[in-house]
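Step one of this worksheet: look at the structure below.
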Amino acid sequence: MALWRIRATVDDRPGYLSVLTASLALRSVNILAVQVHTTEEGAVDDFLVDAPDSLTEADIMAAVLKGRGRDAFVTRAEAQGLADQPTRALALAGRLVHEPDTLGETLVALLDATEVRWRPSGGSHGEQPGFHGGRMTLADPAGGTYEVLRALPAFTPAEYARAQTLVEIAGAVVRQRHEHVTLLLADGAELVVRPATTDDLAAVRELHENCSPATLHDRYLSGATPRDSRLRQLLEPAGGVTLVATTPAGAVIAMANLVTEGDLGEVALLVEDGWQRRGLGTALLRRLHAHAERSGTAAIVAHTGAENVAMLSTLRRIGAGSIERDGSLVSVTLPAAGRKAPATSG
């Protein structure tokens with residue numbers, strides 16, 4: 001017995017698929033796996049089959065055509081084809097998480113492509129993402145496009161969606177790696193600053209436990225540690241970003257939050273007591289300010305107590321802005337570069 005891959009378009013009408021499978025069964029062809037790709041021309045059925053050694057490609061093609069299959073494609077298959085397509089796609093996505101530079105090879109493996117080319121954006125070959133026949137164009141989140149080629153069979157919408165998802169995974173991993181920055185403090189201490197994730201929950205909870213009541217009060221205007229549900233929201237805000245600073249051993253010793261709504265972003269900072277007054281807070285707020293500028297935020301605002309001299313001094317080092325006081329609460333608004341801060345009521 002030999003493994004074959006068959007792809008054919010079948011009219012999306014009751015009983016038509018059974019006609020094709022019956023035609024294959026008459027030639028002792030055993031269907032091991034099947035995928036259905038919906039297209040405008042009809043349902044494209046992708047079979048992995050086991051056929052007698054005596055059958056040739058022409059024999060199998062004849063059986064497909066007799067079973068009312070159109071635009072048929074038949075080729076020998078390898079044993080790895082026995083893995084179903086969702087499992088195969090997940091395995092390739094897992095590979096990209098660890099090796100995002102292998103995106104070209106991964107697309108070849110996913111699509112059985114003959115060639116993958118990357119083209120810069122704005123060039124003479126610039127095209128809109130999409131696919132036609134055996135040519136697919138994919139948007140690279142980092143800029144440019146990928147061109148994927150194969151002779152037969154023609155690409156389907158499902159294959160295009162899977163390929164674009166892999167491109168986005170690779171782009172996200174690369175961006176995340178670039179966002180990991182080594183920070184050297186003035187006293188020689190070396191830290192890593194990176195975007196937070198919900199996986200940091202336990203470490204951030206420990207950060208709060210290591211902070212004094214006075215430090216927690218300065219951050220939350222109360223001495224209470226937020227519940228885990230609130231910490232999860234802070235770690236991955238719906239708008240904005242949260243940064244954490246970690247020691248070489250991986251302990252989180254500071255957290256800086258930027259939560260955006262419309263043109264305005266609110267920033268807040270928590271630094272473990274032993275790491276305060278060493279330039280860490282300033283470095284974190286500068287990065288949040290830069291992130292706000294890149295994302296088009298008009299201004300950032302920080303709310304703190306009037307007695308929190310350290311925070312007020314840090315904000316002054318970031319830039320000049322408006323200051324409003326409401327009792328013991330002070331709000332400092334810093335505009336983004338080249339933009340006018342939205343008016344605030346006070």
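Please note that chains go A, B, ... in the order of the structure tokens, that every chain numbers its residues from 1, and that ligands are numbered from 1 in the order shown.
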Exercise for the section: Pick out each residue of segment 131-326 of chain A that DSSP on the backbone tags as helix (DSSP H, G or I); I need them as number ranges by chain. Expected result: A: 157-178, 198-210, 213-220, 228-235, 273-275, 280-294, 309-318
Would you give me, as JSON lines, each residue of segment 239-312 of chain A having an atom within 7 Å of an atom of segment 202-219 of chain A, along with its shortest atom pair and that distance in Å to one decimal, using only C-alpha atoms and sorting by chain and residue number?
```
{"residue": "A:Ala251", "atom": "CA", "partner": "A:Ala203", "partner_atom": "CA", "distance": 6.6}
{"residue": "A:Val252", "atom": "CA", "partner": "A:Ala203", "partner_atom": "CA", "distance": 5.8}
{"residue": "A:Ile253", "atom": "CA", "partner": "A:Leu207", "partner_atom": "CA", "distance": 5.9}
{"residue": "A:Ala268", "atom": "CA", "partner": "A:Arg219", "partner_atom": "CA", "distance": 6.8}
{"residue": "A:Leu269", "atom": "CA", "partner": "A:Arg219", "partner_atom": "CA", "distance": 6.4}
{"residue": "A:Leu270", "atom": "CA", "partner": "A:Arg219", "partner_atom": "CA", "distance": 6.0}
{"residue": "A:Glu272", "atom": "CA", "partner": "A:Cys211", "partner_atom": "CA", "distance": 5.3}
{"residue": "A:Asp273", "atom": "CA", "partner": "A:Cys211", "partner_atom": "CA", "distance": 5.9}
{"residue": "A:Thr304", "atom": "CA", "partner": "A:Asp218", "partner_atom": "CA", "distance": 6.7}
{"residue": "A:Gly305", "atom": "CA", "partner": "A:Asp218", "partner_atom": "CA", "distance": 6.6}
{"residue": "A:Asn308", "atom": "CA", "partner": "A:Asp218", "partner_atom": "CA", "distance": 6.6}
```
Exercise for the section: Name all residues at most 7 Å from Phe47 of chain A (count only C-alpha atoms; drop same-chain ones fewer than 4 positions away) and give them as a list of chain:residue names. Expected result: A:Arg5, A:Ile6, A:Arg7, A:Ile31, A:Ala33, A:Val34, A:Gln35
Now that the selection is made, can you save its residues with N, CA and C atoms as a PDB file, in the first residue's frame?
```
ATOM      1  N   ARG A   5      -1.803  11.905  -1.587  1.00  0.00           N
ATOM      2  CA  ARG A   5      -2.581  13.081  -1.219  1.00  0.00           C
ATOM      3  C   ARG A   5      -3.437  13.465  -2.410  1.00  0.00           C
ATOM      4  N   ILE A   6      -4.722  13.689  -2.138  1.00  0.00           N
ATOM      5  CA  ILE A   6      -5.677  14.049  -3.192  1.00  0.00           C
ATOM      6  C   ILE A   6      -6.368  15.341  -2.786  1.00  0.00           C
ATOM      7  N   ARG A   7      -6.459  16.267  -3.728  1.00  0.00           N
ATOM      8  CA  ARG A   7      -7.249  17.470  -3.474  1.00  0.00           C
ATOM      9  C   ARG A   7      -8.157  17.683  -4.674  1.00  0.00           C
ATOM     10  N   ILE A  31      -9.452   6.016   2.766  1.00  0.00           N
ATOM     11  CA  ILE A  31      -9.286   7.408   3.195  1.00  0.00           C
ATOM     12  C   ILE A  31      -8.851   7.425   4.654  1.00  0.00           C
ATOM     13  N   ALA A  33      -7.520  10.463   6.220  1.00  0.00           N
ATOM     14  CA  ALA A  33      -7.839  11.769   6.805  1.00  0.00           C
ATOM     15  C   ALA A  33      -8.429  12.649   5.718  1.00  0.00           C
ATOM     16  N   VAL A  34      -9.264  13.583   6.129  1.00  0.00           N
ATOM     17  CA  VAL A  34      -9.880  14.499   5.169  1.00  0.00           C
ATOM     18  C   VAL A  34     -10.035  15.874   5.818  1.00  0.00           C
ATOM     19  N   GLN A  35      -9.768  16.916   5.025  1.00  0.00           N
ATOM     20  CA  GLN A  35     -10.035  18.291   5.416  1.00  0.00           C
ATOM     21  C   GLN A  35     -10.922  18.912   4.353  1.00  0.00           C
TER      22      GLN A  35
END
```
Go through segment 88-147 of chain A residue by residue and, counting only C-alpha atoms, keep those with an atom at most 7 Å from segment 160-179 of chain A; for each kept residue give the shortest atom pair and its distance in Å to one decimal, ordered by chain and increasing number, as a tab-separated table.
```
residue	atom	partner	partner_atom	distance
A:Ala93	CA	A:Leu166	CA	6.2
A:Leu96	CA	A:Ala170	CA	5.8
A:Val97	CA	A:Val173	CA	6.2
A:Pro100	CA	A:Ala170	CA	4.8
A:Leu103	CA	A:Ala170	CA	6.7
A:Leu107	CA	A:Ala163	CA	6.6
A:Leu138	CA	A:Gln164	CA	6.1
A:Asp140	CA	A:Val167	CA	6.4
A:Pro141	CA	A:Gly171	CA	5.9
A:Ala142	CA	A:Gly171	CA	6.3
```
For the residues in the current selection, export all heavy atoms as a tab-separated table (two decimals), in the first residue's frame.
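Result file is part.tsv:
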```tsv
chain	number	residue	atom	x	y	z
A	93	ALA	N	3.76	26.35	14.98
A	93	ALA	CA	3.66	27.58	15.77
A	93	ALA	C	4.55	27.49	17.00
A	93	ALA	O	5.22	28.47	17.37
A	93	ALA	CB	2.21	27.81	16.18
A	96	LEU	N	8.04	28.29	16.07
A	96	LEU	CA	8.28	29.70	15.85
A	96	LEU	C	8.47	30.46	17.16
A	96	LEU	O	9.20	31.46	17.20
A	96	LEU	CB	7.12	30.32	15.07
A	96	LEU	CG	7.09	30.08	13.57
A	96	LEU	CD1	5.86	30.72	12.97
A	96	LEU	CD2	8.34	30.63	12.91
A	97	VAL	N	7.81	30.03	18.21
A	97	VAL	CA	7.97	30.69	19.51
A	97	VAL	C	9.43	30.65	19.95
A	97	VAL	O	9.95	31.61	20.53
A	97	VAL	CB	7.06	30.03	20.56
A	97	VAL	CG1	7.39	30.54	21.96
A	97	VAL	CG2	5.59	30.31	20.23
A	100	PRO	N	11.88	32.25	15.88
A	100	PRO	CA	11.10	33.07	14.95
A	100	PRO	C	11.82	33.33	13.63
A	100	PRO	O	11.19	33.65	12.63
A	100	PRO	CB	10.89	34.38	15.74
A	100	PRO	CG	12.00	34.39	16.75
A	100	PRO	CD	12.22	32.96	17.11
A	103	LEU	N	10.84	31.45	10.06
A	103	LEU	CA	9.50	31.63	9.49
A	103	LEU	C	9.42	31.13	8.06
A	103	LEU	O	8.45	30.47	7.67
A	103	LEU	CB	9.09	33.10	9.57
A	103	LEU	CG	7.73	33.44	8.96
A	103	LEU	CD1	6.61	32.64	9.63
A	103	LEU	CD2	7.45	34.93	9.07
A	107	LEU	N	6.79	28.28	6.82
A	107	LEU	CA	5.76	28.46	5.80
A	107	LEU	C	5.88	27.40	4.71
A	107	LEU	O	4.86	26.89	4.21
A	107	LEU	CB	5.86	29.86	5.20
A	107	LEU	CG	5.45	31.01	6.11
A	107	LEU	CD1	5.77	32.35	5.45
A	107	LEU	CD2	3.96	30.93	6.45
A	138	LEU	N	1.67	37.62	2.00
A	138	LEU	CA	1.36	37.74	3.42
A	138	LEU	C	1.98	39.02	3.98
A	138	LEU	O	3.14	39.34	3.68
A	138	LEU	CB	1.91	36.54	4.20
A	138	LEU	CG	1.37	35.17	3.79
A	138	LEU	CD1	2.30	34.08	4.25
A	138	LEU	CD2	-0.02	34.97	4.39
A	140	ASP	N	3.84	41.15	6.58
A	140	ASP	CA	4.77	40.97	7.69
A	140	ASP	C	4.51	42.09	8.70
A	140	ASP	O	4.63	43.27	8.36
A	140	ASP	CB	6.21	41.05	7.18
A	140	ASP	CG	7.24	40.85	8.28
A	140	ASP	OD1	6.83	40.68	9.45
A	140	ASP	OD2	8.44	40.86	7.98
A	141	PRO	N	4.12	41.77	9.95
A	141	PRO	CA	3.85	42.82	10.94
A	141	PRO	C	5.03	43.77	11.15
A	141	PRO	O	4.84	44.92	11.53
A	141	PRO	CB	3.55	42.03	12.22
A	141	PRO	CG	3.09	40.69	11.74
A	141	PRO	CD	3.89	40.43	10.49
A	142	ALA	N	6.24	43.30	10.89
A	142	ALA	CA	7.42	44.15	11.07
A	142	ALA	C	7.69	45.03	9.85
A	142	ALA	O	8.62	45.82	9.85
A	142	ALA	CB	8.64	43.27	11.36
```
Exercise for the section: Find the residues near segment 148-154 of chain A: any atom within 7 Å, counting only C-alpha atoms, skip ones fewer than 6 places away on the same chain, and give them as a PyMOL selection string. Expected result: chain A and resi 73+113-117+133-137
Next, write the just-selected residues to a file, as a compact mmCIF listing (two decimals), in the first residue's frame, keeping N, CA and C atoms as the atom set.
```
# COMPACT_ATOMS: atom_id res chain seq x y z
N PHE A 73 -5.98 17.31 -7.97
CA PHE A 73 -4.53 17.27 -7.78
C PHE A 73 -4.20 16.00 -7.01
N ALA A 113 5.14 24.49 0.16
CA ALA A 113 5.51 25.48 -0.85
C ALA A 113 6.87 25.15 -1.46
N THR A 114 7.10 25.70 -2.64
CA THR A 114 8.40 25.51 -3.30
C THR A 114 9.37 26.64 -2.98
N GLU A 115 8.82 27.82 -2.62
CA GLU A 115 9.70 28.96 -2.36
C GLU A 115 8.96 30.00 -1.54
N VAL A 116 9.70 30.67 -0.64
CA VAL A 116 9.19 31.79 0.13
C VAL A 116 10.16 32.95 -0.04
N ARG A 117 9.64 34.11 -0.45
CA ARG A 117 10.48 35.30 -0.64
C ARG A 117 9.96 36.43 0.26
N GLY A 133 -4.37 31.39 -7.05
CA GLY A 133 -3.73 30.19 -7.58
C GLY A 133 -2.65 29.69 -6.63
N GLY A 134 -1.45 29.55 -7.16
CA GLY A 134 -0.34 29.05 -6.35
C GLY A 134 0.57 30.14 -5.84
N ARG A 135 0.05 31.35 -5.70
CA ARG A 135 0.84 32.48 -5.21
C ARG A 135 0.10 33.15 -4.06
N MET A 136 0.83 33.34 -2.95
CA MET A 136 0.23 33.93 -1.76
C MET A 136 1.10 35.09 -1.28
N THR A 137 0.48 36.20 -0.92
CA THR A 137 1.18 37.35 -0.37
C THR A 137 0.71 37.59 1.06
```
Exercise for the section: Tell me, as a ChimeraX atom specification, which residues lie within 12 Å of Lys66 of chain A, counting only C-alpha atoms; anything in the same chain fewer than 6 positions away does not count. Expected result: /A:8,10,16,19-27,59-60,72
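Shortest atom-to-atom contact with Val271 of chain A among A:Met255, A:Ala139, A:Ala283, A:Leu185: A:Met255, counting only C-alpha atoms.
Of the residues listed (A:Leu92, A:Ala224, A:Ala306, A:Leu111), A:Leu111 shows the shortest atom-to-atom separation from Thr156 of chain A; distances use only C-alpha atoms.
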Problem - Expected answer as number ranges by chain: strand (DSSP E or B) residues in segment 47-172 of chain A - result: A: 47-51, 70-76, 115-119, 130-132, 135-139, 145-149
Exercise for the section: Measure the distance from atom CA of Thr333 of chain A to atom CA of Val193 of chain A in Å and round it to one decimal. Expected result: 24.2 Å
